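So this block is input-v7.csv, CSV, C-alpha atoms and all ligand atoms:
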```csv
chain,number,residue,atom,x,y,z
T,450,MET,CA,78.3,99.7,122.1
T,451,LYS,CA,77.5,97.0,124.5
T,452,ILE,CA,80.0,94.2,123.9
T,453,LEU,CA,80.4,90.8,125.6
T,454,ILE,CA,83.9,89.5,125.5
T,455,ILE,CA,84.3,85.8,126.3
T,456,GLY,CA,87.8,84.9,127.2
T,457,ALA,CA,88.6,88.5,128.3
T,458,SER,CA,91.2,87.3,130.9
T,459,GLY,CA,93.3,85.6,128.2
T,460,MET,CA,96.2,87.0,126.3
T,461,ILE,CA,94.2,88.0,123.3
T,462,GLY,CA,90.9,88.8,125.2
T,463,ARG,CA,92.7,91.1,127.6
T,464,ALA,CA,94.2,93.1,124.8
T,465,VAL,CA,90.8,93.3,123.0
T,466,SER,CA,89.1,94.3,126.3
T,467,ASP,CA,91.8,97.0,127.1
T,468,ALA,CA,91.3,98.4,123.6
T,469,LEU,CA,87.5,98.7,123.9
T,470,LYS,CA,86.6,99.3,127.5
T,471,ASN,CA,87.2,103.1,127.6
T,472,GLN,CA,84.8,103.7,124.7
T,473,HIS,CA,82.2,100.9,125.1
T,474,GLU,CA,80.2,99.1,127.7
T,475,VAL,CA,82.3,95.9,128.0
T,476,ILE,CA,81.0,92.8,129.8
T,477,THR,CA,83.7,90.3,130.5
T,478,ALA,CA,83.2,86.5,130.9
T,479,SER,CA,85.1,83.3,131.2
T,480,ARG,CA,85.0,80.2,133.4
T,481,THR,CA,86.8,81.6,136.4
T,482,THR,CA,87.1,85.4,136.1
T,483,GLY,CA,85.2,88.4,134.8
T,484,ASP,CA,81.7,90.0,135.3
T,485,ILE,CA,80.0,86.7,134.5
T,486,LYS,CA,81.2,83.1,134.7
T,487,VAL,CA,80.5,80.9,131.7
T,488,ASP,CA,81.8,77.7,130.2
T,489,MET,CA,81.1,77.9,126.5
T,490,SER,CA,81.7,74.2,126.0
T,491,ASN,CA,78.5,73.7,128.0
T,492,PRO,CA,75.3,74.9,126.2
T,493,ALA,CA,73.4,75.1,129.4
T,494,SER,CA,76.0,77.6,130.8
T,495,LEU,CA,75.6,79.9,127.8
T,496,ARG,CA,71.8,79.6,128.0
T,497,GLU,CA,72.1,81.0,131.6
T,498,LEU,CA,74.5,83.7,130.5
T,499,PHE,CA,72.6,85.3,127.6
T,500,PRO,CA,69.4,86.4,129.4
T,501,GLN,CA,71.6,88.1,132.0
T,502,VAL,CA,73.2,90.4,129.4
T,503,GLU,CA,70.0,91.0,127.4
T,504,THR,CA,70.6,92.7,124.1
T,505,LEU,CA,74.1,93.2,122.8
T,506,ASP,CA,75.7,95.0,119.9
T,507,ALA,CA,78.5,92.5,119.7
T,508,ILE,CA,80.0,89.3,121.1
T,509,ILE,CA,83.7,88.7,120.8
T,510,CYS,CA,84.9,85.2,121.6
T,511,ALA,CA,88.7,84.9,122.3
T,512,ALA,CA,88.4,81.8,124.4
T,513,GLY,CA,89.5,78.3,124.2
T,514,ASN,CA,91.4,75.6,126.1
T,515,GLY,CA,93.1,73.5,123.5
T,516,THR,CA,96.2,71.4,123.6
T,517,MET,CA,99.1,71.7,121.2
T,518,ALA,CA,100.3,68.1,120.6
T,519,PRO,CA,101.1,65.8,117.7
T,520,VAL,CA,98.3,63.5,116.9
T,521,ALA,CA,100.5,60.5,117.9
T,522,THR,CA,100.9,61.6,121.5
T,523,MET,CA,97.6,63.4,122.1
T,524,SER,CA,95.6,61.8,124.9
T,525,ASP,CA,91.8,61.2,124.6
T,526,ASP,CA,91.2,63.9,127.2
T,527,ASP,CA,93.3,66.5,125.4
T,528,PHE,CA,91.6,65.6,122.1
T,529,ASN,CA,88.1,65.9,123.5
T,530,ARG,CA,88.8,69.0,125.5
T,531,THR,CA,90.3,70.8,122.5
T,532,LEU,CA,87.3,70.0,120.3
T,533,ASP,CA,84.7,70.7,123.1
T,534,SER,CA,86.3,74.0,124.1
T,535,GLN,CA,87.7,75.7,121.1
T,536,LEU,CA,85.5,74.3,118.3
T,537,LYS,CA,82.1,73.3,119.8
T,538,GLY,CA,82.4,76.0,122.4
T,539,GLN,CA,82.8,78.8,119.9
T,540,MET,CA,80.1,77.3,117.7
T,541,ASN,CA,77.9,77.3,120.8
T,542,VAL,CA,78.6,81.0,121.2
T,543,LEU,CA,77.4,81.7,117.7
T,544,ARG,CA,74.4,79.4,117.6
T,545,LEU,CA,73.1,80.4,121.0
T,546,GLY,CA,74.3,84.0,121.1
T,547,ARG,CA,72.9,85.1,117.8
T,548,THR,CA,69.5,85.7,119.3
T,549,VAL,CA,70.7,88.4,121.7
T,550,VAL,CA,72.8,90.4,119.2
T,551,LYS,CA,71.0,93.4,117.6
T,552,ALA,CA,70.4,93.5,113.9
T,553,GLY,CA,73.5,94.9,112.3
T,554,GLY,CA,75.6,93.8,115.2
T,555,SER,CA,78.5,91.3,115.1
T,556,ILE,CA,79.8,88.1,116.5
T,557,THR,CA,83.6,87.5,116.3
T,558,LEU,CA,85.1,84.1,116.7
T,559,THR,CA,88.8,83.4,116.9
T,560,SER,CA,90.6,81.1,114.5
T,561,GLY,CA,94.4,80.8,113.8
T,562,VAL,CA,97.0,80.5,111.1
T,563,GLU,CA,97.0,76.8,112.0
T,564,SER,CA,94.1,76.4,109.6
T,565,GLN,CA,96.4,77.1,106.7
T,566,LYS,CA,99.9,76.3,107.9
T,567,THR,CA,101.3,72.8,108.4
T,568,ILE,CA,102.6,72.7,112.0
T,569,PRO,CA,102.8,69.1,113.3
T,570,THR,CA,102.1,70.0,117.0
T,571,THR,CA,98.9,71.7,116.1
T,572,SER,CA,97.2,68.6,114.7
T,573,VAL,CA,93.8,69.0,116.3
T,574,ILE,CA,94.0,72.8,116.7
T,575,SER,CA,94.4,73.0,112.9
T,576,ALA,CA,91.1,71.1,112.5
T,577,VAL,CA,89.5,73.5,115.0
T,578,CYS,CA,90.7,76.6,113.2
T,579,ALA,CA,89.6,75.3,109.8
T,580,GLY,CA,86.2,74.2,111.3
T,581,ILE,CA,85.6,77.7,112.8
T,582,GLU,CA,86.4,79.3,109.5
T,583,ALA,CA,84.1,77.0,107.6
T,584,PHE,CA,81.3,77.5,110.2
T,585,VAL,CA,81.5,81.2,110.0
T,586,ARG,CA,81.6,81.2,106.2
T,587,VAL,CA,78.4,79.2,106.0
T,588,SER,CA,76.6,80.6,109.0
T,589,ARG,CA,76.9,84.2,107.9
T,590,HIS,CA,74.5,83.5,105.1
T,591,SER,CA,71.8,81.9,107.3
T,592,CYS,CA,71.9,84.4,110.2
T,593,GLY,CA,69.9,87.2,108.7
T,594,LEU,CA,71.4,90.6,109.5
T,595,LEU,CA,74.3,89.4,111.6
T,596,LEU,CA,77.7,90.2,110.4
T,597,LEU,CA,80.0,87.3,111.4
T,598,LYS,CA,83.7,87.6,111.5
T,599,LYS,CA,86.7,85.4,112.0
T,600,VAL,CA,89.9,86.7,113.3
T,601,ALA,CA,93.0,84.6,112.7
T,602,PHE,CA,96.1,85.2,114.8
T,603,ALA,CA,99.6,84.4,113.7
C,1,LIG,N1,97.7,83.2,121.4
C,1,LIG,C1,97.9,82.8,120.1
C,1,LIG,O1,99.0,83.0,119.6
C,1,LIG,C2,96.8,82.2,119.4
C,1,LIG,C3,97.0,81.9,118.0
C,1,LIG,C4,95.9,81.3,117.3
C,1,LIG,C5,94.7,81.1,117.9
C,1,LIG,N2,94.5,81.4,119.2
C,1,LIG,C6,93.3,81.1,119.8
C,1,LIG,O2,92.7,82.3,120.4
C,1,LIG,C7,92.0,81.9,121.6
C,1,LIG,C8,92.5,82.7,122.7
C,1,LIG,O3,93.9,82.5,122.8
C,1,LIG,P1,94.8,83.1,124.0
C,1,LIG,O4,96.2,82.8,123.7
C,1,LIG,O5,94.4,84.5,124.4
C,1,LIG,O6,94.4,82.1,125.2
C,1,LIG,P2,94.6,82.1,126.7
C,1,LIG,O7,95.6,83.2,127.1
C,1,LIG,O8,94.9,80.7,127.2
C,1,LIG,O9,93.2,82.6,127.3
C,1,LIG,C9,92.1,81.7,127.1
C,1,LIG,C10,90.8,82.5,127.7
C,1,LIG,O10,89.7,81.7,127.4
C,1,LIG,C11,89.0,81.4,128.6
C,1,LIG,N3,88.4,80.1,128.5
C,1,LIG,C12,89.0,78.9,128.3
C,1,LIG,N4,88.1,77.9,128.1
C,1,LIG,C13,86.9,78.5,128.3
C,1,LIG,C14,85.6,78.0,128.2
C,1,LIG,N5,85.3,76.7,128.0
C,1,LIG,N6,84.5,78.9,128.4
C,1,LIG,C15,84.8,80.2,128.6
C,1,LIG,N7,86.0,80.7,128.6
C,1,LIG,C16,87.1,79.9,128.5
C,1,LIG,C17,90.1,81.5,129.7
C,1,LIG,O11,89.6,81.9,131.0
C,1,LIG,P3,89.1,80.8,132.1
C,1,LIG,O12,90.3,79.8,132.2
C,1,LIG,O13,88.8,81.5,133.3
C,1,LIG,O14,87.9,80.1,131.5
C,1,LIG,C18,90.9,82.7,129.2
C,1,LIG,O15,90.2,83.9,129.4
C,1,LIG,C19,92.1,80.4,121.7
C,1,LIG,O16,91.0,79.8,121.2
C,1,LIG,C20,93.4,80.1,121.0
C,1,LIG,O17,93.5,78.8,120.5
C,1,LIG,C21,95.5,82.0,119.9
```

Let me see whether you can do it: turn the structure in this file into structure tokens.
Ligand SMILES: NC(=O)c1ccc[n+]([C@@H]2O[C@H](COP(=O)([O-])OP(=O)(O)OC[C@H]3O[C@@H](n4cnc5c(N)ncnc54)[C@H](OP(=O)(O)O)[C@@H]3O)[C@@H](O)[C@H]2O)c1
Amino acid sequence: MKILIIGASGMIGRAVSDALKNQHEVITASRTTGDIKVDMSNPASLRELFPQVETLDAIICAAGNGTMAPVATMSDDDFNRTLDSQLKGQMNVLRLGRTVVKAGGSITLTSGVESQKTIPTTSVISAVCAGIEAFVRVSRHSCGLLLLKKVAFA
């Protein structure tokens, strides 16, 4: 399969890439490393990326740049970056990437147990994870043949 991994240099993305690269054609991407540079928080950057990879069997997104902080101490910058990167960024991957994934292929976004567990320092990340899960749940019914998945890490 031809698989695009966004966030392939990260802790999770590297493990996913290592597990797949011997049996599949893996294209890696992130802002600073990989086969292709992309900033998923910027729709224009993704619109440049997708024509370069043409048709894909799967997109795996294990990317994000969020801040763990209690809501009382989180700065405006951290708040906005967490939402722009982890929530809107992953939503961008789905809404803009769906057109390059073959029928029957898949798009995988990454959530976290923070959507369910009450951990004070994950205030905004909890909202991000819950938002991703809701977005995937609803979008899978409006994306034709695409199989959408969420992966939650503990
Ligand atoms: N690790 C955990 O225990 C855990 C638990 C729950 C959820 N998660 C979520 O899983 C995802 C990956 O976690 P991780 O621990 O593997 O993170 P990580 O080690 O910090 O790696 C993040 C990856 O995302 C890329 N990235 C960051 N912002 C990006 C952007 N705007 N556009 C494109 N690529 C971007 C980074 O590369 P560049 O800096 O080069 O862009 C890097 O490859 C995150 O969304 C995280 O919140 C992780």

Residue contacts of Leu469 (chain T) (12 Å, all atoms listed in the file) excluding same-chain residues fewer than 3 positions away, as a list in words: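 The neighbour list is Met450, Lys451, Ile452, Leu453, Ile454, Ala457, Gly462, Arg463, Ala464, Val465, Ser466, Gln472, His473, Glu474, Val475, Ile476, Thr477, Ala507 and Ile509 of chain T.
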
Could you write out the selected residues, including C-alpha atoms, as a short mmCIF file (atom, residue, chain, number, x, y, z; two decimals), in the coordinates of the input?
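Resulting contents of again_28.cif:
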```
data_model
loop_
_atom_site.label_atom_id
_atom_site.label_comp_id
_atom_site.auth_asym_id
_atom_site.auth_seq_id
_atom_site.Cartn_x
_atom_site.Cartn_y
_atom_site.Cartn_z
CA MET T 450 78.30 99.70 122.10
CA LYS T 451 77.50 97.00 124.50
CA ILE T 452 80.00 94.20 123.90
CA LEU T 453 80.40 90.80 125.60
CA ILE T 454 83.90 89.50 125.50
CA ALA T 457 88.60 88.50 128.30
CA GLY T 462 90.90 88.80 125.20
CA ARG T 463 92.70 91.10 127.60
CA ALA T 464 94.20 93.10 124.80
CA VAL T 465 90.80 93.30 123.00
CA SER T 466 89.10 94.30 126.30
CA GLN T 472 84.80 103.70 124.70
CA HIS T 473 82.20 100.90 125.10
CA GLU T 474 80.20 99.10 127.70
CA VAL T 475 82.30 95.90 128.00
CA ILE T 476 81.00 92.80 129.80
CA THR T 477 83.70 90.30 130.50
CA ALA T 507 78.50 92.50 119.70
CA ILE T 509 83.70 88.70 120.80
#
```

Please find the residues contacting ligand LIG 1 (chain C) at a distance of at most 8 Å between atoms, with only C-alpha atoms and all ligand atoms counted, and report them as a PyMOL selection string. chain T and resi 455-463+478-483+486-491+510-515+533-535+538+559-563+574+578+601-603

Would you export the selected residues with C-alpha atoms as a compact mmCIF listing (two decimals), in the coordinates of the input, please?
```txt
# COMPACT_ATOMS: atom_id res chain seq x y z
CA ILE T 455 84.30 85.80 126.30
CA GLY T 456 87.80 84.90 127.20
CA ALA T 457 88.60 88.50 128.30
CA SER T 458 91.20 87.30 130.90
CA GLY T 459 93.30 85.60 128.20
CA MET T 460 96.20 87.00 126.30
CA ILE T 461 94.20 88.00 123.30
CA GLY T 462 90.90 88.80 125.20
CA ARG T 463 92.70 91.10 127.60
CA ALA T 478 83.20 86.50 130.90
CA SER T 479 85.10 83.30 131.20
CA ARG T 480 85.00 80.20 133.40
CA THR T 481 86.80 81.60 136.40
CA THR T 482 87.10 85.40 136.10
CA GLY T 483 85.20 88.40 134.80
CA LYS T 486 81.20 83.10 134.70
CA VAL T 487 80.50 80.90 131.70
CA ASP T 488 81.80 77.70 130.20
CA MET T 489 81.10 77.90 126.50
CA SER T 490 81.70 74.20 126.00
CA ASN T 491 78.50 73.70 128.00
CA CYS T 510 84.90 85.20 121.60
CA ALA T 511 88.70 84.90 122.30
CA ALA T 512 88.40 81.80 124.40
CA GLY T 513 89.50 78.30 124.20
CA ASN T 514 91.40 75.60 126.10
CA GLY T 515 93.10 73.50 123.50
CA ASP T 533 84.70 70.70 123.10
CA SER T 534 86.30 74.00 124.10
CA GLN T 535 87.70 75.70 121.10
CA GLY T 538 82.40 76.00 122.40
CA THR T 559 88.80 83.40 116.90
CA SER T 560 90.60 81.10 114.50
CA GLY T 561 94.40 80.80 113.80
CA VAL T 562 97.00 80.50 111.10
CA GLU T 563 97.00 76.80 112.00
CA ILE T 574 94.00 72.80 116.70
CA CYS T 578 90.70 76.60 113.20
CA ALA T 601 93.00 84.60 112.70
CA PHE T 602 96.10 85.20 114.80
CA ALA T 603 99.60 84.40 113.70
```

List as number ranges by chain the protein and nucleic acid residues near Arg496 (chain T), meaning an atom at most 12 Å away when all atoms listed in the file are counted, but skip any in the same chain fewer than 5 places from it. T: 487-491, 501-503, 541-549

Neighbour list for Val573 (chain T) as a PyMOL selection string, cut-off 8 Å, all atoms listed in the file, skip fewer than 2 positions in-chain: chain T and resi 517-518+520+528+531-532+571+575-577

Between CA of Asp527 (chain T) and CA of Arg589 (chain T), what is the distance, to one decimal in Å? 29.8 Å

Give the answer as one residue: which of T:Pro500, T:Ser555, T:Asp484, T:Ile581 has the shortest atom-to-atom distance to Lys537 (chain T), using all atoms listed in the file?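 Nearest candidate to Lys537 (chain T) out of T:Pro500, T:Ser555, T:Asp484, T:Ile581: T:Ile581.
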
To one decimal place, how far is CA of Lys566 (chain T) from CA of Ala468 (chain T) in Å?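 Computing the Euclidean distance for CA of Lys566 (chain T) and CA of Ala468 (chain T) yields 28.4 Å.
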
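Atom pair CA of Arg530 (chain T) / CA of Leu495 (chain T) has a distance of 17.3 Å (rounded to one decimal).
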
Kindly indicate which residue among T:Ile508, T:Leu558, T:Ala579, T:Leu498 lies nearest to Ile485 (chain T), using all atoms listed in the file for the distances.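 So, comparing all the options, the nearest one is T:Leu498.
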
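Candidate residues T:Val550, T:Leu536, T:Met523, T:Val587 were compared for distance to Phe499 (chain T), and the nearest is T:Val550, using all atoms listed in the file.
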